[in-house]
Structure formats: structure tokens, C-alpha cells
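Source file structure.pdb; content: PDB, C-alpha atoms (C1' of nucleotides).
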ATOM      1  CA  MET A   6      45.549  35.626 -19.425
ATOM      2  CA  PRO A   7      46.794  35.091 -15.933
ATOM      3  CA  GLU A   8      47.198  38.346 -14.018
ATOM      4  CA  LEU A   9      47.905  38.763 -10.317
ATOM      5  CA  PRO A  10      44.702  37.074  -8.997
ATOM      6  CA  GLU A  11      44.991  34.108 -11.364
ATOM      7  CA  VAL A  12      48.662  33.535 -10.526
ATOM      8  CA  GLU A  13      47.908  33.915  -6.813
ATOM      9  CA  THR A  14      45.174  31.294  -7.184
ATOM     10  CA  THR A  15      47.617  28.953  -8.922
ATOM     11  CA  VAL A  16      50.204  29.381  -6.178
ATOM     12  CA  ARG A  17      47.633  28.753  -3.424
ATOM     13  CA  THR A  18      46.462  25.621  -5.243
ATOM     14  CA  PHE A  19      49.890  24.076  -5.731
ATOM     15  CA  ARG A  20      51.641  25.205  -2.551
ATOM     16  CA  PRO A  21      50.380  22.303  -0.400
ATOM     17  CA  LEU A  22      51.122  19.836  -3.195
ATOM     18  CA  VAL A  23      54.785  20.717  -3.785
ATOM     19  CA  LYS A  24      56.003  22.094  -0.468
ATOM     20  CA  GLY A  25      58.788  20.020   1.068
ATOM     21  CA  ARG A  26      59.182  17.803  -1.983
ATOM     22  CA  ARG A  27      62.242  17.530  -4.169
ATOM     23  CA  PHE A  28      62.543  17.899  -7.905
ATOM     24  CA  VAL A  29      63.649  14.585  -9.389
ATOM     25  CA  GLY A  30      63.793  15.399 -13.085
ATOM     26  CA  PHE A  31      62.795  17.960 -15.693
ATOM     27  CA  THR A  32      61.994  17.586 -19.387
ATOM     28  CA  SER A  33      60.717  20.051 -21.968
ATOM     29  CA  SER A  34      59.095  19.441 -25.335
ATOM     30  CA  TRP A  35      59.530  23.100 -26.388
ATOM     31  CA  PRO A  36      63.031  24.027 -25.179
ATOM     32  CA  ARG A  37      62.809  27.626 -26.381
ATOM     33  CA  GLN A  38      60.664  28.358 -23.321
ATOM     34  CA  VAL A  39      63.417  27.225 -20.948
ATOM     35  CA  ILE A  40      66.229  29.487 -19.730
ATOM     36  CA  PRO A  41      69.163  28.949 -19.738
ATOM     37  CA  SER A  42      68.359  25.579 -21.377
ATOM     38  CA  ALA A  43      66.345  22.475 -20.599
ATOM     39  CA  PRO A  44      69.344  20.250 -19.686
ATOM     40  CA  LYS A  45      70.869  23.001 -17.543
ATOM     41  CA  VAL A  46      67.595  23.555 -15.681
ATOM     42  CA  ASP A  47      67.288  19.801 -15.177
ATOM     43  CA  ARG A  48      70.799  19.653 -13.674
ATOM     44  CA  ALA A  49      70.181  22.762 -11.552
ATOM     45  CA  ILE A  50      66.907  21.700  -9.925
ATOM     46  CA  SER A  51      67.169  17.911  -9.741
ATOM     47  CA  GLY A  52      67.784  16.790  -6.172
ATOM     48  CA  ARG A  53      66.815  20.214  -4.773
ATOM     49  CA  LYS A  54      64.080  20.556  -2.186
ATOM     50  CA  ILE A  55      61.260  23.107  -2.653
ATOM     51  CA  VAL A  56      61.330  25.207   0.504
ATOM     52  CA  LYS A  57      58.747  27.818  -0.491
ATOM     53  CA  LEU A  58      56.307  28.580  -3.286
ATOM     54  CA  GLU A  59      55.310  32.195  -3.768
ATOM     55  CA  ARG A  60      54.039  34.758  -6.253
ATOM     56  CA  ARG A  61      55.779  37.986  -7.258
ATOM     57  CA  ALA A  62      53.909  40.131  -9.794
ATOM     58  CA  LYS A  63      52.617  37.586 -12.334
ATOM     59  CA  GLN A  64      55.418  35.090 -11.749
ATOM     60  CA  ILE A  65      55.562  31.883  -9.725
ATOM     61  CA  ILE A  66      58.721  31.329  -7.672
ATOM     62  CA  PHE A  67      59.889  27.928  -6.446
ATOM     63  CA  HIS A  68      62.500  28.717  -3.783
ATOM     64  CA  LEU A  69      64.989  25.851  -3.579
ATOM     65  CA  ASP A  70      67.185  24.667  -0.710
ATOM     66  CA  ASP A  71      70.361  26.069  -2.273
ATOM     67  CA  ASP A  72      68.779  29.569  -2.355
ATOM     68  CA  SER A  73      68.360  29.403  -6.118
ATOM     69  CA  GLY A  74      64.924  29.707  -7.671
ATOM     70  CA  LEU A  75      62.790  28.324 -10.445
ATOM     71  CA  LEU A  76      60.660  31.079 -11.987
ATOM     72  CA  ILE A  77      57.598  30.367 -14.094
ATOM     73  CA  HIS A  78      55.887  33.109 -16.064
ATOM     74  CA  LEU A  79      52.560  31.920 -17.480
ATOM     75  CA  LYS A  80      52.239  34.868 -19.912
ATOM     76  CA  MET A  81      49.142  34.470 -22.133
ATOM     77  CA  SER A  82      48.070  30.862 -21.861
ATOM     78  CA  GLY A  83      50.368  29.072 -19.419
ATOM     79  CA  ARG A  84      48.950  26.829 -16.718
ATOM     80  CA  LEU A  85      50.154  24.352 -14.120
ATOM     81  CA  ASP A  86      48.519  20.967 -13.839
ATOM     82  CA  TRP A  87      48.921  17.915 -11.669
ATOM     83  CA  LEU A  88      49.417  14.749 -13.692
ATOM     84  CA  ALA A  89      47.581  12.648 -11.121
ATOM     85  CA  SER A  90      44.401  14.698 -11.488
ATOM     86  CA  SER A  91      44.406  15.255 -15.236
ATOM     87  CA  GLY A  92      45.738  11.879 -16.326
ATOM     88  CA  ASP A  93      46.436  11.784 -20.039
ATOM     89  CA  ARG A  94      43.795  14.407 -20.831
ATOM     90  CA  ALA A  95      46.088  17.371 -20.196
ATOM     91  CA  ARG A  96      46.402  19.427 -23.378
ATOM     92  CA  HIS A  97      49.397  21.430 -24.647
ATOM     93  CA  VAL A  98      51.872  19.893 -22.197
ATOM     94  CA  ARG A  99      55.209  21.665 -22.741
ATOM     95  CA  ALA A 100      57.221  20.557 -19.704
ATOM     96  CA  ARG A 101      57.178  17.969 -16.922
ATOM     97  CA  PHE A 102      58.609  18.304 -13.421
ATOM     98  CA  ARG A 103      59.020  14.905 -11.738
ATOM     99  CA  LEU A 104      58.779  15.210  -7.966
ATOM    100  CA  SER A 105      59.802  13.017  -5.054
ATOM    101  CA  GLY A 106      56.867  10.872  -3.995
ATOM    102  CA  GLY A 107      56.158   9.919  -7.592
ATOM    103  CA  ASP A 108      53.949  12.795  -8.737
ATOM    104  CA  THR A 109      54.502  14.953 -11.803
ATOM    105  CA  LEU A 110      53.812  18.668 -12.153
ATOM    106  CA  LEU A 111      52.893  19.683 -15.702
ATOM    107  CA  PHE A 112      53.481  23.001 -17.402
ATOM    108  CA  CYS A 113      50.860  23.438 -20.155
ATOM    109  CA  ASP A 114      50.840  26.348 -22.581
ATOM    110  CA  ALA A 115      48.892  26.492 -25.843
ATOM    111  CA  ARG A 116      50.647  29.612 -27.176
ATOM    112  CA  LYS A 117      54.132  28.838 -25.902
ATOM    113  CA  PHE A 118      54.674  32.400 -24.644
ATOM    114  CA  GLY A 119      55.340  31.217 -21.083
ATOM    115  CA  ARG A 120      58.853  31.024 -19.674
ATOM    116  CA  ILE A 121      60.582  28.628 -17.266
ATOM    117  CA  ARG A 122      63.761  30.082 -15.829
ATOM    118  CA  HIS A 123      66.286  28.931 -13.254
ATOM    119  CA  VAL A 124      68.204  31.671 -11.470
ATOM    120  CA  ALA A 125      70.846  31.641  -8.744
ATOM    121  CA  ASP A 126      69.295  34.653  -7.040
ATOM    122  CA  PRO A 127      65.504  35.049  -7.453
ATOM    123  CA  GLN A 128      65.471  38.363  -5.600
ATOM    124  CA  ALA A 129      67.976  39.895  -7.992
ATOM    125  CA  ALA A 130      66.237  38.407 -11.030
ATOM    126  CA  LEU A 131      62.979  40.152 -10.091
ATOM    127  CA  ALA A 132      64.471  43.408  -8.850
ATOM    128  CA  HIS A 133      63.256  45.356 -11.878
ATOM    129  CA  LEU A 134      59.600  44.899 -10.882
ATOM    130  CA  GLY A 135      57.573  47.651  -9.257
ATOM    131  CA  PRO A 136      55.847  47.347  -5.864
ATOM    132  CA  GLU A 137      53.197  44.727  -5.089
ATOM    133  CA  PRO A 138      49.839  46.541  -5.009
ATOM    134  CA  LEU A 139      48.522  44.334  -2.185
ATOM    135  CA  ASP A 140      51.594  44.872  -0.020
ATOM    136  CA  PRO A 141      50.604  46.792   3.141
ATOM    137  CA  ALA A 142      53.484  49.173   2.377
ATOM    138  CA  PHE A 143      51.803  50.180  -0.892
ATOM    139  CA  ASP A 144      49.795  53.158   0.348
ATOM    140  CA  SER A 145      48.185  55.993  -1.568
ATOM    141  CA  LYS A 146      51.169  58.241  -0.870
ATOM    142  CA  ILE A 147      53.486  55.851  -2.706
ATOM    143  CA  LEU A 148      51.012  55.679  -5.582
ATOM    144  CA  ALA A 149      50.938  59.477  -5.699
ATOM    145  CA  GLU A 150      54.746  59.588  -5.974
ATOM    146  CA  ILE A 151      54.662  57.010  -8.760
ATOM    147  CA  LEU A 152      52.026  58.926 -10.729
ATOM    148  CA  HIS A 153      53.363  62.424 -10.189
ATOM    149  CA  SER A 154      56.957  61.566 -11.053
ATOM    150  CA  ARG A 155      55.858  60.641 -14.585
ATOM    151  CA  LYS A 156      53.753  62.131 -17.312
ATOM    152  CA  ARG A 157      52.141  59.169 -18.992
ATOM    153  CA  ARG A 158      48.657  58.039 -19.877
ATOM    154  CA  ILE A 159      47.349  56.180 -16.853
ATOM    155  CA  LYS A 160      46.261  52.971 -18.627
ATOM    156  CA  PRO A 161      49.640  51.989 -20.153
ATOM    157  CA  LEU A 162      51.302  53.111 -16.940
ATOM    158  CA  LEU A 163      49.217  50.671 -14.884
ATOM    159  CA  LEU A 164      50.246  47.887 -17.275
ATOM    160  CA  ASP A 165      53.956  48.664 -16.883
ATOM    161  CA  GLN A 166      55.325  45.954 -14.581
ATOM    162  CA  THR A 167      58.315  48.057 -13.577
ATOM    163  CA  VAL A 168      55.932  50.698 -12.189
ATOM    164  CA  ILE A 169      53.307  48.543 -10.415
ATOM    165  CA  ALA A 170      53.579  44.751 -10.529
ATOM    166  CA  GLY A 171      50.737  42.384 -11.328
ATOM    167  CA  LEU A 172      48.038  44.349 -13.146
ATOM    168  CA  GLY A 173      47.060  43.226 -16.643
ATOM    169  CA  ASN A 174      44.437  44.420 -19.076
ATOM    170  CA  ILE A 175      41.389  43.164 -17.173
ATOM    171  CA  TYR A 176      42.188  44.506 -13.726
ATOM    172  CA  SER A 177      43.569  47.811 -15.070
ATOM    173  CA  ASP A 178      40.318  48.617 -16.867
ATOM    174  CA  GLU A 179      38.251  47.511 -13.875
ATOM    175  CA  SER A 180      40.347  49.609 -11.464
ATOM    176  CA  LEU A 181      40.011  52.748 -13.586
ATOM    177  CA  HIS A 182      36.257  52.342 -13.936
ATOM    178  CA  ARG A 183      35.731  51.845 -10.228
ATOM    179  CA  ALA A 184      37.843  54.943  -9.572
ATOM    180  CA  ASN A 185      35.976  57.007 -12.206
ATOM    181  CA  ILE A 186      39.198  57.811 -14.039
ATOM    182  CA  HIS A 187      39.479  57.989 -17.827
ATOM    183  CA  PRO A 188      42.181  55.621 -19.213
ATOM    184  CA  LEU A 189      43.781  58.449 -21.224
ATOM    185  CA  SER A 190      44.195  60.702 -18.195
ATOM    186  CA  LEU A 191      47.767  61.884 -17.678
ATOM    187  CA  SER A 192      49.377  60.494 -14.534
ATOM    188  CA  ASN A 193      50.753  63.819 -13.323
ATOM    189  CA  ARG A 194      47.378  65.524 -13.603
ATOM    190  CA  LEU A 195      45.483  63.240 -11.244
ATOM    191  CA  CYS A 196      44.407  65.025  -8.085
ATOM    192  CA  TRP A 197      44.810  63.657  -4.593
ATOM    193  CA  ASP A 198      41.207  62.495  -4.414
ATOM    194  CA  GLU A 199      41.512  60.587  -7.688
ATOM    195  CA  ILE A 200      44.718  58.918  -6.535
ATOM    196  CA  LYS A 201      43.081  57.813  -3.302
ATOM    197  CA  ARG A 202      40.155  56.375  -5.274
ATOM    198  CA  LEU A 203      42.517  54.588  -7.676
ATOM    199  CA  HIS A 204      44.582  53.149  -4.839
ATOM    200  CA  ARG A 205      41.431  51.854  -3.213
ATOM    201  CA  SER A 206      39.942  50.409  -6.400
ATOM    202  CA  ILE A 207      43.147  48.639  -7.470
ATOM    203  CA  ARG A 208      43.352  46.814  -4.157
ATOM    204  CA  GLN A 209      39.631  46.149  -4.051
ATOM    205  CA  VAL A 210      39.440  44.637  -7.528
ATOM    206  CA  LEU A 211      42.545  42.484  -7.008
ATOM    207  CA  ARG A 212      41.290  41.168  -3.661
ATOM    208  CA  GLU A 213      37.910  40.440  -5.178
ATOM    209  CA  GLY A 214      39.619  38.654  -8.083
ATOM    210  CA  ILE A 215      41.559  36.453  -5.671
ATOM    211  CA  LYS A 216      38.436  35.757  -3.631
ATOM    212  CA  ARG A 217      36.700  34.517  -6.797
ATOM    213  CA  CYS A 218      39.755  32.518  -7.929
ATOM    214  CA  GLY A 219      40.398  34.755 -10.931
ATOM    215  CA  THR A 220      38.646  35.476 -14.226
ATOM    216  CA  SER A 221      37.735  32.778 -16.761
ATOM    217  CA  PHE A 222      36.418  33.837 -20.143
ATOM    218  CA  ASP A 223      37.960  31.367 -22.574
ATOM    219  CA  TRP A 224      39.883  28.109 -22.718
ATOM    220  CA  ALA A 225      43.125  29.705 -21.433
ATOM    221  CA  TYR A 226      42.151  29.896 -17.770
ATOM    222  CA  LEU A 227      39.401  27.918 -16.076
ATOM    223  CA  GLY A 228      37.949  27.675 -12.623
ATOM    224  CA  GLY A 229      37.526  31.378 -11.774
ATOM    225  CA  ARG A 230      34.252  33.239 -11.209
ATOM    226  CA  MET A 231      35.384  36.876 -11.409
ATOM    227  CA  GLN A 232      34.115  37.203 -15.010
ATOM    228  CA  HIS A 233      30.583  37.508 -13.565
ATOM    229  CA  TYR A 234      31.586  40.589 -11.582
ATOM    230  CA  LEU A 235      33.484  42.622 -14.193
ATOM    231  CA  ARG A 236      31.956  46.028 -14.950
ATOM    232  CA  VAL A 237      33.704  47.070 -18.178
ATOM    233  CA  TYR A 238      36.091  44.418 -19.479
ATOM    234  CA  GLN A 239      34.575  42.708 -22.535
ATOM    235  CA  ARG A 240      31.347  44.624 -21.985
ATOM    236  CA  GLY A 241      31.741  46.976 -24.960
ATOM    237  CA  GLY A 242      28.353  48.352 -26.110
ATOM    238  CA  LYS A 243      26.591  47.088 -22.997
ATOM    239  CA  ALA A 244      25.107  49.422 -20.402
ATOM    240  CA  CYS A 245      27.386  50.820 -17.713
ATOM    241  CA  LEU A 246      26.208  49.269 -14.456
ATOM    242  CA  ALA A 247      26.502  52.672 -12.788
ATOM    243  CA  CYS A 248      24.893  55.060 -15.299
ATOM    244  CA  GLY A 249      23.432  53.015 -18.171
ATOM    245  CA  ARG A 250      25.529  54.578 -20.931
ATOM    246  CA  PRO A 251      27.150  52.106 -23.370
ATOM    247  CA  ILE A 252      30.674  50.991 -22.483
ATOM    248  CA  GLU A 253      33.189  52.153 -25.099
ATOM    249  CA  VAL A 254      36.155  50.194 -26.422
ATOM    250  CA  ILE A 255      39.225  52.038 -27.659
ATOM    251  CA  ARG A 256      42.790  51.101 -28.471
ATOM    252  CA  VAL A 257      45.446  52.387 -26.068
ATOM    253  CA  GLY A 258      49.059  51.333 -26.499
ATOM    254  CA  GLN A 259      48.044  48.340 -28.640
ATOM    255  CA  ARG A 260      45.662  47.103 -25.966
ATOM    256  CA  SER A 261      41.878  47.082 -26.039
ATOM    257  CA  THR A 262      40.601  49.434 -23.365
ATOM    258  CA  HIS A 263      37.072  49.425 -21.937
ATOM    259  CA  PHE A 264      35.541  52.405 -20.140
ATOM    260  CA  CYS A 265      32.372  54.403 -19.521
ATOM    261  CA  PRO A 266      32.508  57.820 -21.225
ATOM    262  CA  LYS A 267      30.159  59.347 -18.671
ATOM    263  CA  CYS A 268      31.527  57.934 -15.411
ATOM    264  CA  GLN A 269      35.215  58.212 -16.279
ATOM    265  CA  LYS A 270      36.326  61.802 -16.703
ATOM    266  CA  ILE A 271      39.525  62.725 -18.493
ATOM    267  CA  CYS A 272      42.333  64.708 -16.810
ATOM    268  CA  LYS A 273      44.573  66.248 -19.449
TER     269      LYS A 273
ATOM    270  C1'  DT B   6      41.288  35.503 -42.151
ATOM    271  C1'  DG B   7      42.918  38.538 -38.920
ATOM    272  C1'  DA B   8      42.316  40.226 -34.313
ATOM    273  C1'  DA B   9      43.606  39.442 -29.690
ATOM    274  C1'  DT B  10      46.674  38.412 -26.000
ATOM    275  C1'  DT B  11      51.796  39.588 -22.460
ATOM    276  C1'  DG B  12      56.050  41.537 -21.688
ATOM    277  C1'  DT B  13      60.587  42.583 -23.745
ATOM    278  C1'  DT B  14      63.304  45.001 -26.966
ATOM    279  C1'  DA B  15      64.442  48.195 -30.513
ATOM    280  C1'  DT B  16      63.493  52.476 -32.516
ATOM    281  C1'  DC B  17      61.596  56.996 -33.203
ATOM    282  C1'  DG B  18      60.143  61.517 -31.431
ATOM    283  C1'  DT B  19      60.105  65.307 -28.088
TER     284       DT B  19
ATOM    285  C1'  DA C  15      70.055  62.936 -22.615
ATOM    286  C1'  DA C  16      66.186  61.142 -20.728
ATOM    287  C1'  DC C  17      61.717  59.884 -21.084
ATOM    288  C1'  DG C  18      57.536  58.400 -23.473
ATOM    289  C1'  DA C  19      55.176  56.464 -27.295
ATOM    290  C1'  DT C  20      55.122  52.928 -30.849
ATOM    291  C1'  DA C  21      55.933  48.740 -33.375
ATOM    292  C1'  DA C  22      57.528  44.192 -33.805
ATOM    293  C1'  DC C  23      57.861  39.705 -31.912
ATOM    294  C1'  DA C  24      57.010  34.981 -29.911
ATOM    295  C1'  DA C  25      52.615  31.373 -31.277
ATOM    296  C1'  DT C  26      47.993  29.952 -31.158
ATOM    297  C1'  DT C  27      42.809  30.001 -31.097
ATOM    298  C1'  DC C  28      38.293  30.975 -32.959
TER     299       DC C  28
END

File written out as C-alpha cells:
Amino acid sequence: MPELPEVETTVRTFRPLVKGRRFVGFTSSWPRQVIPSAPKVDRAISGRKIVKLERRAKQIIFHLDDDSGLLIHLKMSGRLDWLASSGDRARHVRARFRLSGGDTLLFCDARKFGRIRHVADPQAALAHLGPEPLDPAFDSKILAEILHSRKRRIKPLLLDQTVIAGLGNIYSDESLHRANIHPLSLSNRLCWDEIKRLHRSIRQVLREGIKRCGTSFDWAYLGGRMQHYLRVYQRGGKACLACGRPIEVIRVGQRSTHFCPKCQKICK
DNA sequence: TGAATTGTTATCGT
DNA sequence: AACGATAACAATTC
């Protein structure tokens, strides 16, 4: 499930391949994923040059030369592929972007949760998202304001994209473990020291994830190595690498949540 | 077979 | 009224 590091890896991979090219044509075999509609997106992007490719939260943004943008959200199982490298072996192809120069960018998505969206103003379309955790402006003081202005359990709060953008289930659990904070702790009860630790661990774990090209643990995302460095995620019942106690798995806000009951103290 | 997965939306409770 | 928690949903894999 692509989170910030996986999407960042995707953007870094495809940036040199698409930059400066033009979209020539777009087709979809599952039009429900395309907003406003497949023919409208085709008309909107065809002939437009890609001036910049970037990531915001978990979304990929193709900035076009008329200031509009093509947004791709990979959601659970979405993936970009390059037709030239995968040939006819690419599985679950849902959309094709023909590019100038003759290459084709594929959008593959087994579960069809991903979304392809054309917007006139990408900035406005993404304005609801919270701050980027790796932005230099995101300091521990800002995190403290975010946490203290709400009274919510810290785990679901970290997953809320309007609060902080880019964390998913894996990197939330890893951040909390590295900061020694219990996932059920209330946001307004965290002390200054805990907030500083959380700020540090969020940025650390995301940077490490990017360095290792993301986390691969099933067919949905391949090529990453971060799965070998996770301390709690999908390690339920196994020994905590810090204290040896078994990692517990609980359900928080309909999400599986992994933590060490000894290392991660609760703040109610 | 059903659990797991993301983010949005609707709904219920405080 | 505003905020937070909760459930349903889209669709597929193992």
C-alpha cells in the first residue's frame, strides 16, 4: 500500500522518463477510476507538455504547461509502469498514457481503488491536505500545535491526511514505536519530550523508507527493501527488538495496529 | 471464506 | 454546534 516513501520512489523513478514530454492520448479500461471522465481527461491532457512531476502526500502530480494538473492516487494497489520495460507482461493494466516519443506510461491497479483526476488548479485541489512531514517548515513546534489543538487517539490522528499528509498504517506504527508512544495515547496529553521524539521518529522513518525505496511485503508493491527494517509492523507475536516482549496487534479505528506493550507507554 | 487494505462520506454520540 | 468516533464503501487477493 503505497505511502509517502513508496510514492516518492515512484516519482523519482518516472521523473526523468516523462519530464519535457507531451501527452498524446489517454485511454482507460475501468472508467470509474477517472475523474471527471476518461474522454474529458483525454481531451484535457492530450497535446499538453509535462513541465514537472512531483509528490504531495500520497499523490502524484503531473504539472502541465497550461497550469492544470493530472493527479494520480495509487490508493491500495496502484502502480505506474513503463510499457517498454514490462512489455505485455504488465498485469492489471487499467489505463494507458501515450507520450510523445512513442512510449506509453501504464497505470496498473489490481483492486481498482486508485484514482486518476484532471484538475484546472492542482494547488486548490490538494489544499485540504495537512503539512508535509519532511518539509523543513514542519518542526516540532508545529507538531505540538497540531496535537494539542485536538483530543484524539494518536494513531488515527497520524493517519488523517488533513492533519499530517503522507503517513499510512506502516509508517504510523513504526513512528510511534520508535518514539515510545502508545497508539491509544490522547494527542493533547503528550508532553513536550514525547512530541519531540515523535517529530524525530516520523521524519527518521520516512527518510529511511525513501532511502530503501519503500516497503514490499506482497504483490502490491515491489522493489523496496524497508520491510527488512520494520520493528513492529507485521511482527505481531515476535520479540520487540528493543526489549524482547512480544509485539501486540490491536484494532484501532478499523486498522490493525502493532506496538510493544512495554516500550510504548499510554498517556490518557 | 473472510480478513485486510486507503481515504471519503454519512451518521451517531458527546 | 463542533468535534470525534464509527461504519460503510469501492474491489481484489490469498

Each residue of chain A with at least one atom at most 7 Å from chain C should appear once, together with its nearest atom pair and the corresponding distance in Å (one decimal); atoms considered: all atoms listed in the file; ordering: chain, then increasing residue number; output as a tab-separated table.
residue	atom	partner	partner_atom	distance
A:Ala115	CA	C:DT26	C1'	6.4
A:Arg116	CA	C:DT26	C1'	4.8
A:Lys117	CA	C:DA25	C1'	6.1
A:Phe118	CA	C:DA24	C1'	6.3

Expand the PyMOL selection byres ((chain B) within 9 of (chain A)) into the individual residues it matches in the shown file, reporting them as a compact mmCIF listing (two decimals) with C-alpha atoms (C1' of nucleotides), keeping the file's coordinate frame.
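Done, and the output landed in out21.txt:
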# COMPACT_ATOMS: atom_id res chain seq x y z
C1' DA B 9 43.61 39.44 -29.69
C1' DT B 10 46.67 38.41 -26.00
C1' DT B 11 51.80 39.59 -22.46
C1' DG B 12 56.05 41.54 -21.69

Query raised in the report: Suppose you want the space between CA of His204 in chain A and CA of Arg84 in chain A; what is it in Å?
Result: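 Between CA of His204 in chain A and CA of Arg84 in chain A the gap works out to 29.2 Å.
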
Query raised in the report: What is the CA of Gln128 in chain A to CA of Gly171 in chain A distance in Å?
Result: 16.3 Å

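When CA of Lys160 in chain A is paired with CA of Arg230 in chain A, their separation reads 24.3 Å.
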
Query raised in the report: Restricting the calculation to only C-alpha atoms, which member of A:Phe264, A:Ile77, A:Val98, A:Leu181 is positioned closest to Ala62 in chain A?
Result: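 Smallest separation from Ala62 in chain A among the options: A:Ile77.
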
Query - All residues 9 Å or closer to Lys270 in chain A, only C-alpha atoms (C1' of nucleotides), same chain fewer than 5 positions away omitted, as a list in words - result: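 In the requested form, the answer reads Asn185, Ile186, His187, Pro188, Ser190 and Cys265 of chain A.
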
Query raised in the report: Which residues match the PyMOL selection byres ((chain A and resi 212) around 12) in the file above, as an MDAnalysis selection string?
Result: chainID A and resid 9:11 13:14 138:140 176 180 205:211 213:219 231

Store the residues of this selection in a file with C-alpha atoms, as a compact mmCIF listing (two decimals), in the frame of the given file.
# COMPACT_ATOMS: atom_id res chain seq x y z
CA LEU A 9 47.90 38.76 -10.32
CA PRO A 10 44.70 37.07 -9.00
CA GLU A 11 44.99 34.11 -11.36
CA GLU A 13 47.91 33.92 -6.81
CA THR A 14 45.17 31.29 -7.18
CA PRO A 138 49.84 46.54 -5.01
CA LEU A 139 48.52 44.33 -2.18
CA ASP A 140 51.59 44.87 -0.02
CA TYR A 176 42.19 44.51 -13.73
CA SER A 180 40.35 49.61 -11.46
CA ARG A 205 41.43 51.85 -3.21
CA SER A 206 39.94 50.41 -6.40
CA ILE A 207 43.15 48.64 -7.47
CA ARG A 208 43.35 46.81 -4.16
CA GLN A 209 39.63 46.15 -4.05
CA VAL A 210 39.44 44.64 -7.53
CA LEU A 211 42.54 42.48 -7.01
CA GLU A 213 37.91 40.44 -5.18
CA GLY A 214 39.62 38.65 -8.08
CA ILE A 215 41.56 36.45 -5.67
CA LYS A 216 38.44 35.76 -3.63
CA ARG A 217 36.70 34.52 -6.80
CA CYS A 218 39.76 32.52 -7.93
CA GLY A 219 40.40 34.76 -10.93
CA MET A 231 35.38 36.88 -11.41
